[in-house]
file data07.txt (compact mmCIF, C-alpha atoms)
# COMPACT_ATOMS: atom_id res chain seq x y z
CA MET V 1 56.82 16.56 21.36
CA GLU V 2 55.83 14.57 24.41
CA ARG V 3 52.73 12.44 23.94
CA ASP V 4 49.78 13.33 26.20
CA PRO V 5 48.88 10.05 27.99
CA TYR V 6 45.29 11.20 28.42
CA PHE V 7 44.65 11.92 24.77
CA PRO V 8 42.94 8.84 23.29
CA GLY V 9 44.24 9.49 19.80
CA ARG V 10 42.77 11.23 16.78
CA ARG V 11 41.10 8.16 15.38
CA ALA V 12 39.20 7.48 18.60
CA ILE V 13 37.77 10.97 18.83
CA ALA V 14 37.22 11.63 15.14
CA LEU V 15 33.62 10.45 15.05
CA PRO V 16 32.41 12.23 18.20
CA VAL V 17 34.09 15.48 17.12
CA LYS V 18 32.55 15.28 13.64
CA ASP V 19 29.12 14.70 15.16
CA ALA V 20 29.56 17.63 17.55
CA LEU V 21 30.45 19.93 14.67
CA ARG V 22 27.51 18.69 12.65
CA GLY V 23 25.29 19.32 15.64
CA THR V 24 26.46 22.90 15.74
CA ARG V 25 25.80 23.35 12.05
CA ALA V 26 22.33 21.83 12.45
CA LEU V 27 21.59 24.38 15.17
CA PHE V 28 22.66 27.19 12.86
CA LYS V 29 20.39 25.82 10.20
CA ARG V 30 17.42 25.71 12.53
CA ALA V 31 18.14 29.27 13.63
CA THR V 32 18.33 30.46 10.04
CA ARG V 33 15.07 28.76 9.18
CA ALA V 34 13.40 30.28 12.23
CA LEU V 35 14.57 33.73 11.12
CA VAL V 36 13.43 33.26 7.56
CA SER V 37 10.04 31.79 8.44
CA SER V 38 9.28 34.46 11.03
CA GLU V 39 10.18 37.36 8.78
CA PRO V 40 6.80 38.11 7.17
CA ALA V 41 5.02 38.03 10.52
CA THR V 42 7.61 39.86 12.58
CA ASN V 43 8.85 42.35 9.99
CA LEU V 44 12.45 41.70 10.86
CA PRO V 45 14.75 44.70 10.85
CA VAL V 46 17.73 44.98 8.55
CA GLU V 47 19.86 43.49 11.33
CA GLY V 48 17.91 40.29 10.86
CA ARG V 49 18.97 40.19 7.25
CA ALA V 50 22.55 40.88 8.27
CA ALA V 51 22.35 38.03 10.74
CA ARG V 52 21.19 35.80 7.90
CA GLY V 53 24.06 37.02 5.81
CA TRP V 54 26.42 35.85 8.51
CA LEU V 55 24.57 32.63 9.28
CA ASP V 56 24.05 31.55 5.69
CA PRO V 57 27.71 30.79 4.93
CA GLN V 58 28.01 28.93 8.24
CA ILE V 59 25.23 26.56 7.32
CA GLY V 60 26.17 26.69 3.66
CA HIS V 61 28.40 23.67 3.93
CA LEU V 62 25.67 21.60 5.58
CA ALA V 63 23.07 22.74 3.04
CA PHE V 64 25.51 21.91 0.26
CA GLU V 65 26.01 18.46 1.74
CA ILE V 66 22.28 17.82 1.76
CA ALA V 67 21.55 19.40 -1.62
CA GLN V 68 24.09 17.11 -3.27
CA GLY V 69 21.99 14.09 -2.41
CA LEU V 70 23.65 10.73 -2.18
CA ARG V 71 27.30 10.94 -3.11
CA LEU V 72 29.13 7.66 -2.88
CA ASP V 73 32.78 7.28 -3.70
CA PRO V 74 33.84 4.15 -5.69
CA ARG V 75 34.78 2.23 -2.55
CA GLN V 76 31.38 2.97 -1.04
CA ARG V 77 29.66 1.77 -4.20
CA LEU V 78 31.47 -1.55 -3.74
CA GLU V 79 30.42 -1.60 -0.08
CA VAL V 80 26.78 -1.03 -1.06
CA THR V 81 27.05 -3.77 -3.69
CA SER V 82 28.32 -6.17 -1.06
CA GLY V 83 25.73 -4.75 1.33
CA LEU V 84 25.27 -6.63 4.56
CA ARG V 85 26.29 -9.97 3.13
CA HIS V 86 29.95 -9.85 4.13
CA VAL V 87 30.04 -7.90 7.36
CA THR V 88 33.05 -8.32 9.58
CA ASP V 89 33.84 -7.32 13.11
CA THR V 90 36.72 -5.03 12.19
CA GLU V 91 36.96 -1.38 13.12
CA ARG V 92 37.12 -0.43 9.46
CA ALA V 93 33.88 -2.33 8.72
CA GLY V 94 32.12 -0.54 11.57
CA ALA V 95 33.32 2.85 10.36
CA ALA V 96 32.30 2.09 6.77
CA PHE V 97 28.86 0.96 7.91
CA ALA V 98 28.44 4.08 10.04
CA LYS V 99 29.30 6.35 7.14
CA LEU V 100 26.98 4.57 4.69
CA VAL V 101 24.12 4.48 7.16
CA ARG V 102 24.52 8.17 7.88
CA GLN V 103 24.40 9.00 4.17
CA GLY V 104 21.47 6.71 3.62
CA LEU V 105 19.53 8.23 6.51
CA ILE V 106 20.25 11.82 5.51
CA PHE V 107 19.14 11.13 1.95
CA SER V 108 15.94 9.42 3.11
CA LEU V 109 15.14 12.12 5.65
CA GLN V 110 15.61 14.75 2.99
CA ARG V 111 13.18 12.87 0.79
CA PHE V 112 10.67 13.00 3.66
CA ASP V 113 11.33 16.73 3.98
CA ALA V 114 12.81 16.12 7.41
CA GLU V 115 16.44 17.10 7.09
CA THR V 116 16.74 19.07 10.33
CA TYR V 117 17.49 15.93 12.32
CA LEU V 118 21.06 15.24 13.22
CA VAL V 119 22.29 11.80 12.22
CA SER V 120 25.10 10.55 14.38
CA GLU V 121 27.91 8.57 12.82
CA THR V 122 29.20 7.76 16.31
CA LEU V 123 25.92 6.17 17.31
CA ALA V 124 25.71 4.35 13.97
CA ALA V 125 29.08 2.74 14.69
CA ALA V 126 27.95 1.83 18.21
CA ALA V 127 24.73 0.37 16.83
CA TYR V 128 26.76 -1.71 14.38
CA TRP V 129 28.71 -3.42 17.17
CA SER V 130 25.59 -3.85 19.25
CA GLY V 131 23.70 -5.39 16.31
CA LEU V 132 26.58 -7.73 15.42
CA ARG V 133 26.65 -9.11 18.96
CA LYS V 134 23.06 -10.34 18.57
CA LEU V 135 23.84 -12.35 15.46
CA ASN V 136 24.09 -16.15 15.43
CA GLU V 137 26.37 -17.90 12.97
CA ASP V 138 23.60 -19.37 10.84
CA ASP V 139 21.42 -16.26 10.75
CA VAL V 140 20.61 -15.01 7.25
CA THR V 141 21.54 -11.51 6.12
CA ALA V 142 18.03 -10.19 6.61
CA VAL V 143 18.19 -11.15 10.29
CA LEU V 144 21.34 -9.06 10.63
CA ALA V 145 19.51 -6.18 8.93
CA ALA V 146 16.70 -6.56 11.45
CA HIS V 147 19.12 -6.52 14.40
CA LEU V 148 20.90 -3.48 12.97
CA TYR V 149 17.62 -1.66 12.42
CA ARG V 150 16.56 -2.25 16.02
CA SER V 151 19.98 -1.31 17.28
CA LEU V 152 20.01 1.95 15.29
CA ILE V 153 16.60 2.93 16.65
CA ARG V 154 17.59 2.01 20.21
CA HIS V 155 20.68 4.18 19.86
CA HIS V 156 18.54 7.14 18.71
CA ILE V 157 20.46 7.34 15.47
CA ALA V 158 18.68 10.50 14.30
CA ALA V 159 17.31 13.24 16.52
CA PHE V 160 17.26 16.99 16.93
CA ALA V 161 20.65 18.51 17.63
CA PRO V 162 21.64 18.88 21.29
CA GLY V 163 20.41 22.19 22.62
CA THR V 164 17.35 22.28 20.34
CA PRO V 165 14.51 23.33 22.61
CA ILE V 166 12.06 20.70 21.35
CA GLY V 167 11.98 16.96 21.80
CA MET V 168 11.21 14.16 19.40
CA GLU V 169 7.49 13.61 19.00
CA ASP V 170 5.81 10.41 17.80
CA HIS V 171 5.72 11.71 14.25
CA ASP V 172 9.47 12.41 14.34
CA LEU V 173 10.19 8.89 15.58
CA GLU V 174 7.99 7.46 12.85
CA VAL V 175 9.93 9.37 10.19
CA VAL V 176 13.27 8.22 11.61
CA LYS V 177 12.05 4.62 11.63
CA CYS V 178 11.00 4.89 7.98
CA ALA V 179 14.37 6.38 7.01
CA THR V 180 16.20 3.66 8.94
CA LEU V 181 14.12 0.92 7.35
CA ALA V 182 14.76 2.46 3.93
CA THR V 183 18.50 2.40 4.55
CA MET V 184 18.50 -1.23 5.71
CA ILE V 185 16.42 -2.36 2.72
CA TRP V 186 18.83 -0.44 0.49
CA LEU V 187 21.75 -2.38 1.95
CA LEU V 188 19.89 -5.69 1.59
CA ILE V 189 19.20 -5.40 -2.13
CA GLU V 190 21.24 -7.83 -4.17
CA ARG V 191 23.29 -6.25 -6.90
CA PRO V 192 25.47 -8.21 -9.31
CA GLU V 193 27.75 -5.20 -9.68
CA PRO V 194 28.04 -1.56 -8.55
CA GLN V 195 25.18 0.58 -9.83
CA GLU V 196 25.38 4.16 -11.04
CA ASN V 197 21.92 5.08 -9.86
CA GLU V 198 22.12 4.34 -6.12
CA ASP V 199 20.29 7.58 -5.36
CA GLU V 200 17.34 6.34 -7.43
CA ILE V 201 17.40 2.95 -5.70
CA LEU V 202 17.55 4.51 -2.26
CA GLY V 203 14.78 6.91 -3.25
CA LEU V 204 12.57 3.92 -4.07
CA CYS V 205 13.47 2.31 -0.74
CA ALA V 206 12.48 5.51 1.03
CA ASP V 207 9.13 5.69 -0.78
CA VAL V 208 8.45 2.03 0.01
CA ALA V 209 9.43 2.45 3.66
CA MET V 210 7.02 5.37 4.00
CA SER V 211 4.22 3.08 2.75
CA LEU V 212 5.13 0.52 5.40
CA LYS V 213 4.64 2.68 8.49
CA ALA V 214 1.91 0.44 9.91
CA GLU V 215 3.87 -2.73 9.17
CA ILE V 216 6.98 -1.43 10.91
CA GLU V 217 4.94 -0.81 14.02
CA ALA V 218 3.53 -4.34 13.91
CA VAL V 219 6.81 -6.24 13.49
CA GLU V 220 9.61 -4.13 14.94
CA ASN V 221 9.77 -6.19 18.14
CA ASP V 222 9.72 -9.48 16.25
CA VAL V 223 13.14 -9.99 14.67
CA PRO V 224 12.22 -12.87 12.29
CA ALA V 225 9.09 -11.04 11.08
CA LEU V 226 11.04 -7.79 10.64
CA ALA V 227 13.71 -9.69 8.72
CA ARG V 228 11.08 -11.23 6.43
CA LEU V 229 9.52 -7.82 5.81
CA MET V 230 12.85 -6.29 4.86
CA ALA V 231 13.88 -9.23 2.67
CA SER V 232 10.57 -9.32 0.82
CA TYR V 233 10.74 -5.64 -0.08
CA ALA V 234 14.44 -5.73 -0.91
CA ASP V 235 13.48 -8.42 -3.43
CA VAL V 236 10.97 -6.23 -5.23
CA ILE V 237 12.81 -2.95 -5.39
CA MET M 1 -4.58 5.77 -32.73
CA SER M 2 -4.46 2.62 -30.62
CA ILE M 3 -4.06 2.77 -26.88
CA LEU M 4 -1.88 -0.33 -27.21
CA LYS M 5 1.71 0.00 -28.27
CA ARG M 6 3.51 -3.22 -29.14
CA GLY M 7 7.04 -3.36 -27.89
CA LEU M 8 6.52 -0.44 -25.51
CA LEU M 9 7.30 -2.52 -22.44
CA GLN M 10 10.52 -4.49 -22.41
CA SER M 11 11.37 -6.99 -19.70
CA GLY M 12 15.04 -7.67 -20.28
CA ASP M 13 16.34 -11.13 -19.34
CA GLN M 14 13.49 -12.20 -17.10
CA PRO M 15 9.95 -13.11 -18.18
CA LEU M 16 7.69 -10.08 -18.07
CA ARG M 17 5.33 -11.68 -15.56
CA LYS M 18 8.25 -11.67 -13.05
CA THR M 19 9.65 -8.30 -14.03
CA VAL M 20 6.32 -6.56 -13.45
CA ARG M 21 6.76 -7.32 -9.75
CA ARG M 22 9.78 -5.02 -9.48
CA LEU M 23 9.32 -1.42 -8.47
CA ARG M 24 12.18 -0.21 -10.66
CA TRP M 25 10.59 -1.75 -13.73
CA PHE M 26 7.20 -0.36 -12.78
CA LYS M 27 8.63 3.14 -12.47
CA THR M 28 10.46 2.99 -15.79
CA SER M 29 7.60 1.44 -17.73
CA PHE M 30 5.06 3.83 -16.25
CA THR M 31 7.22 6.80 -17.22
CA GLU M 32 7.53 5.46 -20.77
CA GLN M 33 3.75 5.24 -20.99
CA ILE M 34 3.32 8.78 -19.72
CA ASP M 35 5.93 10.10 -22.16
CA ARG M 36 4.09 8.41 -24.99
CA LEU M 37 0.83 10.06 -23.93
CA ALA M 38 2.55 13.43 -23.89
CA GLN M 39 3.60 12.94 -27.51
CA GLU M 40 0.37 11.46 -28.81
CA LYS M 41 -2.33 13.23 -26.81
CA GLY M 42 -0.67 16.44 -25.69
CA LEU M 43 -1.11 15.48 -22.03
CA GLU M 44 1.68 16.42 -19.66
CA PHE M 45 1.88 14.99 -16.19
CA THR M 46 4.17 15.01 -13.22
CA ILE M 47 4.47 11.83 -11.22
CA ASN M 48 4.23 11.93 -7.45
CA GLU M 49 6.84 9.31 -6.60
CA PRO M 50 5.75 8.46 -3.04
CA ARG M 51 2.17 7.90 -4.27
CA GLN M 52 3.50 5.88 -7.17
CA ALA M 53 5.45 3.63 -4.79
CA ALA M 54 2.38 3.34 -2.55
CA ALA M 55 0.29 2.22 -5.55
CA PHE M 56 2.87 -0.41 -6.40
CA ILE M 57 3.00 -1.76 -2.83
CA ASP M 58 -0.81 -1.82 -2.67
CA TRP M 59 -0.92 -3.74 -5.94
CA LEU M 60 1.81 -6.16 -4.96
CA ARG M 61 0.07 -7.09 -1.71
CA ALA M 62 -3.22 -7.66 -3.53
CA PHE M 63 -1.45 -9.64 -6.25
CA GLU M 64 0.28 -11.95 -3.75
CA ALA M 65 -2.89 -12.40 -1.68
CA GLN M 66 -4.87 -14.12 -4.44
CA LYS M 67 -2.14 -15.55 -6.66
CA PRO M 68 -3.43 -18.96 -7.80
CA THR M 69 -1.47 -22.09 -6.98
CA SER M 70 -2.66 -23.91 -10.08
CA SER M 71 -0.93 -23.05 -13.35
CA ASP M 72 -4.29 -23.64 -15.10
CA ASN M 73 -5.50 -20.31 -13.79
CA ARG M 74 -2.43 -18.30 -14.68
CA ARG M 75 -3.83 -16.85 -17.89
CA ASP M 76 -7.01 -15.64 -16.18
CA TYR M 77 -4.94 -14.18 -13.36
CA VAL M 78 -3.06 -11.94 -15.79
CA GLY M 79 -6.23 -9.98 -16.57
CA PHE M 80 -7.23 -9.84 -12.91
CA ALA M 81 -3.75 -8.64 -11.89
CA ALA M 82 -3.92 -5.86 -14.46
CA GLY M 83 -7.26 -4.85 -12.97
CA LEU M 84 -5.72 -4.79 -9.50
CA MET M 85 -3.07 -2.42 -10.84
CA LEU M 86 -5.74 -0.13 -12.24
CA ARG M 87 -7.50 -0.12 -8.87
CA ALA M 88 -4.25 0.78 -7.08
CA LEU M 89 -3.45 3.59 -9.52
CA ILE M 90 -6.94 5.07 -9.23
CA LYS M 91 -6.79 4.86 -5.45
CA HIS M 92 -3.37 6.44 -5.04
CA ASN M 93 -3.57 8.70 -8.09
CA PRO M 94 0.13 9.42 -8.61
CA LEU M 95 -0.38 11.56 -11.72
CA GLU M 96 -0.85 15.31 -11.63
CA LEU M 97 -1.90 16.95 -14.86
CA VAL M 98 0.36 19.85 -15.74
CA ALA M 99 -0.92 20.74 -19.18
CA GLY M 100 -3.66 19.51 -21.49
CA PRO M 101 -3.91 19.62 -25.27
CA ASP M 102 -4.30 22.93 -27.09
CA GLN M 103 -7.72 21.94 -28.37
CA SER M 104 -9.70 19.74 -26.03
CA ASN M 105 -12.16 17.26 -27.50
CA PRO M 106 -14.89 16.40 -24.95
CA ASN M 107 -15.57 13.09 -26.71
CA ASP M 108 -11.98 11.93 -26.42
CA PRO M 109 -11.61 9.81 -23.25
CA ALA M 110 -8.02 11.04 -22.90
CA HIS M 111 -9.26 14.63 -22.65
CA PHE M 112 -12.32 13.76 -20.58
CA TRP M 113 -10.27 12.08 -17.80
CA PRO M 114 -6.53 12.36 -18.50
CA GLN M 115 -5.30 10.52 -15.40
CA GLY M 116 -7.84 7.73 -15.75
CA TYR M 117 -6.94 7.34 -19.41
CA ALA M 118 -3.24 7.13 -18.56
CA TYR M 119 -3.86 4.47 -15.91
CA VAL M 120 -6.06 2.40 -18.23
CA ALA M 121 -3.56 2.71 -21.07
CA TYR M 122 -0.74 1.52 -18.84
CA CYS M 123 -2.66 -1.43 -17.41
CA LEU M 124 -3.91 -2.54 -20.83
CA ASN M 125 -0.38 -2.37 -22.23
CA VAL M 126 1.08 -4.42 -19.39
CA ARG M 127 -1.75 -6.94 -19.71
CA ALA M 128 -1.27 -7.23 -23.47
CA ALA M 129 2.51 -7.55 -23.18
CA VAL M 130 2.31 -10.40 -20.63
CA LEU M 131 -0.37 -12.24 -22.63
CA GLU M 132 1.69 -11.92 -25.78
CA GLN M 133 4.92 -13.07 -24.17
CA ASP M 134 3.59 -15.86 -21.95
CA PHE M 135 0.52 -17.06 -23.82
CA ASP M 136 1.23 -16.06 -27.38
CA GLU M 137 -2.01 -14.07 -27.50
CA ASN M 138 -2.57 -11.03 -29.66
CA VAL M 139 -4.95 -8.80 -27.82
CA GLU M 140 -7.81 -6.94 -29.48
CA LEU M 141 -9.52 -4.32 -27.35
CA ALA M 142 -13.27 -3.71 -27.12
CA PRO M 143 -14.86 -0.89 -29.16
CA VAL M 144 -16.41 0.41 -25.94
CA LEU M 145 -12.95 1.71 -25.01
CA ALA M 146 -13.61 4.67 -27.29
CA ASP M 147 -17.16 5.30 -26.02
CA ILE M 148 -17.32 8.48 -23.93
CA LYS M 149 -20.49 7.40 -22.11
CA THR M 150 -18.71 4.30 -20.85
CA TRP M 151 -15.88 6.50 -19.62
CA GLN M 152 -18.34 8.75 -17.82
CA SER M 153 -19.78 5.70 -16.08
CA PHE M 154 -16.27 4.41 -15.37
CA LYS M 155 -15.11 7.65 -13.74
CA GLU M 156 -18.27 8.02 -11.68
CA ASN M 157 -18.30 4.42 -10.46
CA VAL M 158 -14.64 4.09 -9.51
CA ARG M 159 -14.86 7.34 -7.59
CA GLU M 160 -17.19 5.49 -5.22
CA ASP M 161 -15.56 2.09 -5.47
CA PRO M 162 -12.08 1.82 -7.04
CA SER M 163 -12.48 -1.99 -7.16
CA LEU M 164 -14.94 -1.53 -10.02
CA GLY M 165 -11.88 -0.53 -12.03
CA ILE M 166 -11.09 -4.26 -12.18
CA ALA M 167 -14.39 -4.96 -13.94
CA PHE M 168 -14.07 -1.95 -16.23
CA LEU M 169 -10.61 -3.02 -17.32
CA ASP M 170 -12.04 -6.42 -18.27
CA LEU M 171 -14.73 -4.60 -20.23
CA PHE M 172 -12.18 -2.45 -22.06
CA ALA M 173 -10.05 -5.53 -22.77
CA GLY M 174 -12.97 -7.40 -24.33
CA ASP M 175 -13.26 -9.88 -21.44
CA SER M 176 -16.46 -10.54 -19.45
CA PRO M 177 -16.47 -8.19 -16.48
CA GLN M 178 -17.42 -9.41 -13.02
CA TRP M 179 -19.50 -6.60 -11.51
CA THR M 180 -20.25 -8.40 -8.26
CA MET M 181 -17.25 -8.58 -5.94
CA PRO M 182 -14.84 -7.67 -8.73
CA ASP M 183 -11.87 -7.77 -6.31
CA LEU M 184 -12.34 -11.51 -5.76
CA PHE M 185 -10.44 -13.59 -8.31
CA ARG M 186 -12.46 -16.22 -10.10
CA ALA M 187 -11.05 -18.22 -12.97
CA LYS M 188 -13.16 -18.34 -16.10
CA ASP M 189 -14.18 -21.98 -15.63
CA VAL M 190 -15.51 -21.15 -12.15
CA LYS M 191 -17.46 -18.22 -13.56
CA LEU M 192 -18.88 -20.49 -16.24
CA ILE M 193 -19.96 -23.10 -13.69
CA ALA M 194 -21.46 -20.40 -11.49
CA SER M 195 -23.41 -18.92 -14.37
CA HIS M 196 -24.85 -22.39 -15.21
CA LEU M 197 -25.83 -22.96 -11.58
CA MET M 198 -27.46 -19.57 -11.41
CA SER M 199 -29.52 -20.22 -14.51
CA ILE M 200 -30.62 -23.67 -13.19
CA GLU M 201 -31.75 -22.26 -9.86
CA SER M 202 -33.52 -19.14 -11.07
CA PRO M 203 -37.29 -19.55 -11.48

call {"tool": "encode", "arguments": {"input": "data07.txt", "output": "structure tokens"}}
result
Amino acid sequence: MERDPYFPGRRAIALPVKDALRGTRALFKRATRALVSSEPATNLPVEGRAARGWLDPQIGHLAFEIAQGLRLDPRQRLEVTSGLRHVTDTERAGAAFAKLVRQGLIFSLQRFDAETYLVSETLAAAAYWSGLRKLNEDDVTAVLAAHLYRSLIRHHIAAFAPGTPIGMEDHDLEVVKCATLATMIWLLIERPEPQENEDEILGLCADVAMSLKAEIEAVENDVPALARLMASYADVI
Amino acid sequence: MSILKRGLLQSGDQPLRKTVRRLRWFKTSFTEQIDRLAQEKGLEFTINEPRQAAAFIDWLRAFEAQKPTSSDNRRDYVGFAAGLMLRALIKHNPLELVAGPDQSNPNDPAHFWPQGYAYVAYCLNVRAAVLEQDFDENVELAPVLADIKTWQSFKENVREDPSLGIAFLDLFAGDSPQWTMPDLFRAKDVKLIASHLMSIESP
């Protein structure tokens, strides 16, 4: 078969296509929730229930993904153990980071009861490259974490799915910042070896991050101070 | 039945005074304490984890803010740090009582104020464990710990000012409580000097 010269290749489009599909599923989920929550007040007809019966399996996969919590494969456990200490500028490293960050964010957002945001793996990968570019050779790992945090927020790493008729309010941004901070602290924690209870560790990071809302606001434009904040709490988790 | 349980809190490889500053250890040790209360007092709680983490962060900040530079004051700081933990737990109140004992005894502090009792028990156990490990001290608690009137005063006072929990913990531990500005650390020798100065200057 002749190769299409305009097709960039499966690998190049994999992330954007995955995100688009996830966006669609997130929309279904919001629609289902809207139906369910409106039912007592609106006395939905049987058709409403039938619609749910059709919608539920469509969002079932997404709900299943979230209900499972943090599921890391053995290679990802090694990546978390290494954390941000040995980052490289390879495509594989960027993709691995994007996947971990997405999982970390989803888990944290779920813990904050905020799982209707869409977390973009594409933007996480873009944020990775953008954050790496800011790094100097002698910067410590926490400084990288600070650059990555800022880069993820600038890239709007988590938001409502495209087409959702509401925008992100201040509270939503605050929650996303907490989840992002939680994920960066999680990746900063030193581990001598892979841990079995990463979901517990990330849960603690999420709870700590939620307590640090005021601090995040105060230091997020000051990279050294943000780095110190992250490092100090990574040390005590 | 003693509120203190020797060997309840294990620190692993690191000294306990360092381990207590880790959230994972705090969570595990706190859960162990709560489980013990369930067995011994028939009190069942659930733990609100975000509030628990908030209490830990609150405590850690307060601990770091007044940590003495001189090693001479380390022993006194152990008691004060335990009081800071009690203050943080009272303030953030991570425990929710699910079930009480079948037969409630109004003169039992654990039945009178289950959450407060749990927080005091935990803080006294951590305090005793650090003093035993780092200072070779065997702790004896004050008889007033079993006095229901003291607990009534404790609950009422910390409701208005959680910092008074620091002074009450000293009282329960058999130390001299500092009722004035209890959230300001003063080593025992400073308190002694201050008390002499006060007695000289008073008419």

call {"tool": "atom_distance", "arguments": {"input": "data07.txt", "atom1": "atom CA of Arg154 of chain V", "atom2": "atom CA of Leu212 of chain V"}}
result
19.4 Å

call {"tool": "interface_residues", "arguments": {"input": "data07.txt", "of": "chain M", "to": "chain V", "cutoff": "12 Å", "atoms": "all atoms listed in the file", "output": "PyMOL selection string"}}
result
chain M and resi 18-28+48-58+60-61+64+92

call {"tool": "write_last_selection", "arguments": {"input": "data07.txt", "atoms": "C-alpha atoms", "output": "PDB file, keeping the file's coordinate frame"}}
result
ATOM      1  CA  LYS M  18       8.250 -11.670 -13.050  1.00  0.00           C
ATOM      2  CA  THR M  19       9.650  -8.300 -14.030  1.00  0.00           C
ATOM      3  CA  VAL M  20       6.320  -6.560 -13.450  1.00  0.00           C
ATOM      4  CA  ARG M  21       6.760  -7.320  -9.750  1.00  0.00           C
ATOM      5  CA  ARG M  22       9.780  -5.020  -9.480  1.00  0.00           C
ATOM      6  CA  LEU M  23       9.320  -1.420  -8.470  1.00  0.00           C
ATOM      7  CA  ARG M  24      12.180  -0.210 -10.660  1.00  0.00           C
ATOM      8  CA  TRP M  25      10.590  -1.750 -13.730  1.00  0.00           C
ATOM      9  CA  PHE M  26       7.200  -0.360 -12.780  1.00  0.00           C
ATOM     10  CA  LYS M  27       8.630   3.140 -12.470  1.00  0.00           C
ATOM     11  CA  THR M  28      10.460   2.990 -15.790  1.00  0.00           C
ATOM     12  CA  ASN M  48       4.230  11.930  -7.450  1.00  0.00           C
ATOM     13  CA  GLU M  49       6.840   9.310  -6.600  1.00  0.00           C
ATOM     14  CA  PRO M  50       5.750   8.460  -3.040  1.00  0.00           C
ATOM     15  CA  ARG M  51       2.170   7.900  -4.270  1.00  0.00           C
ATOM     16  CA  GLN M  52       3.500   5.880  -7.170  1.00  0.00           C
ATOM     17  CA  ALA M  53       5.450   3.630  -4.790  1.00  0.00           C
ATOM     18  CA  ALA M  54       2.380   3.340  -2.550  1.00  0.00           C
ATOM     19  CA  ALA M  55       0.290   2.220  -5.550  1.00  0.00           C
ATOM     20  CA  PHE M  56       2.870  -0.410  -6.400  1.00  0.00           C
ATOM     21  CA  ILE M  57       3.000  -1.760  -2.830  1.00  0.00           C
ATOM     22  CA  ASP M  58      -0.810  -1.820  -2.670  1.00  0.00           C
ATOM     23  CA  LEU M  60       1.810  -6.160  -4.960  1.00  0.00           C
ATOM     24  CA  ARG M  61       0.070  -7.090  -1.710  1.00  0.00           C
ATOM     25  CA  GLU M  64       0.280 -11.950  -3.750  1.00  0.00           C
ATOM     26  CA  HIS M  92      -3.370   6.440  -5.040  1.00  0.00           C
TER      27      HIS M  92
END

call {"tool": "atom_distance", "arguments": {"input": "data07.txt", "atom1": "atom CA of Trp151 of chain M", "atom2": "atom CA of Ile166 of chain M"}}
result
13.9 Å

call {"tool": "atom_distance", "arguments": {"input": "data07.txt", "atom1": "atom CA of Val175 of chain V", "atom2": "atom CA of Arg71 of chain V"}}
result
21.9 Å

call {"tool": "residues_around", "arguments": {"input": "data07.txt", "residues": "Leu4 of chain M", "least_positions_apart": "5", "cutoff": "8 Å", "atoms": "all atoms listed in the file", "output": "PyMOL selection string"}}
result
chain M and resi 121+124-125+128

call {"tool": "residues_around", "arguments": {"input": "data07.txt", "residues": "Pro114 of chain M", "least_positions_apart": "2", "cutoff": "12 Å", "atoms": "all atoms listed in the file", "output": "ChimeraX atom specification"}}
result
/M:34,37-38,41-45,90,93,95-101,104-106,108-112,116-121,151,155

call {"tool": "residues_around", "arguments": {"input": "data07.txt", "residues": "Glu215 of chain V", "least_positions_apart": "5", "cutoff": "9 Å", "atoms": "all atoms listed in the file", "output": "PyMOL selection string"}}
result
chain V and resi 220+226+229

call {"tool": "closest_residue", "arguments": {"input": "data07.txt", "among": "M:Ser71, M:Gln115, M:Asn107, M:Gln133", "to": "Ala187 of chain M", "atoms": "all atoms listed in the file"}}
result
M:Ser71

call {"tool": "residues_around", "arguments": {"input": "data07.txt", "residues": "Ser163 of chain M", "least_positions_apart": "4", "cutoff": "10 Å", "atoms": "only C-alpha atoms", "output": "list in words"}}
result
Gly83, Leu84, Leu86, Arg87, Ala88, Ile90, Lys91, Asn157, Val158, Arg159, Ala167, Phe168, Trp179, Met181, Pro182, Asp183 and Leu184 of chain M

call {"tool": "residues_around", "arguments": {"input": "data07.txt", "residues": "Ile153 of chain V", "least_positions_apart": "3", "cutoff": "10 Å", "atoms": "only C-alpha atoms", "output": "list of chain:residue names"}}
result
V:Leu123, V:Ala124, V:Ala127, V:Leu148, V:Tyr149, V:Arg150, V:His156, V:Ile157, V:Ala158, V:Leu173, V:Val176, V:Lys177, V:Thr180, V:Leu181

call {"tool": "residues_near_point", "arguments": {"input": "data07.txt", "point": "(20.9, -5.1, 12.7)", "cutoff": "9 Å", "atoms": "all atoms listed in the file", "output": "PyMOL selection string"}}
result
chain V and resi 127-128+130-132+134-135+142-152+184
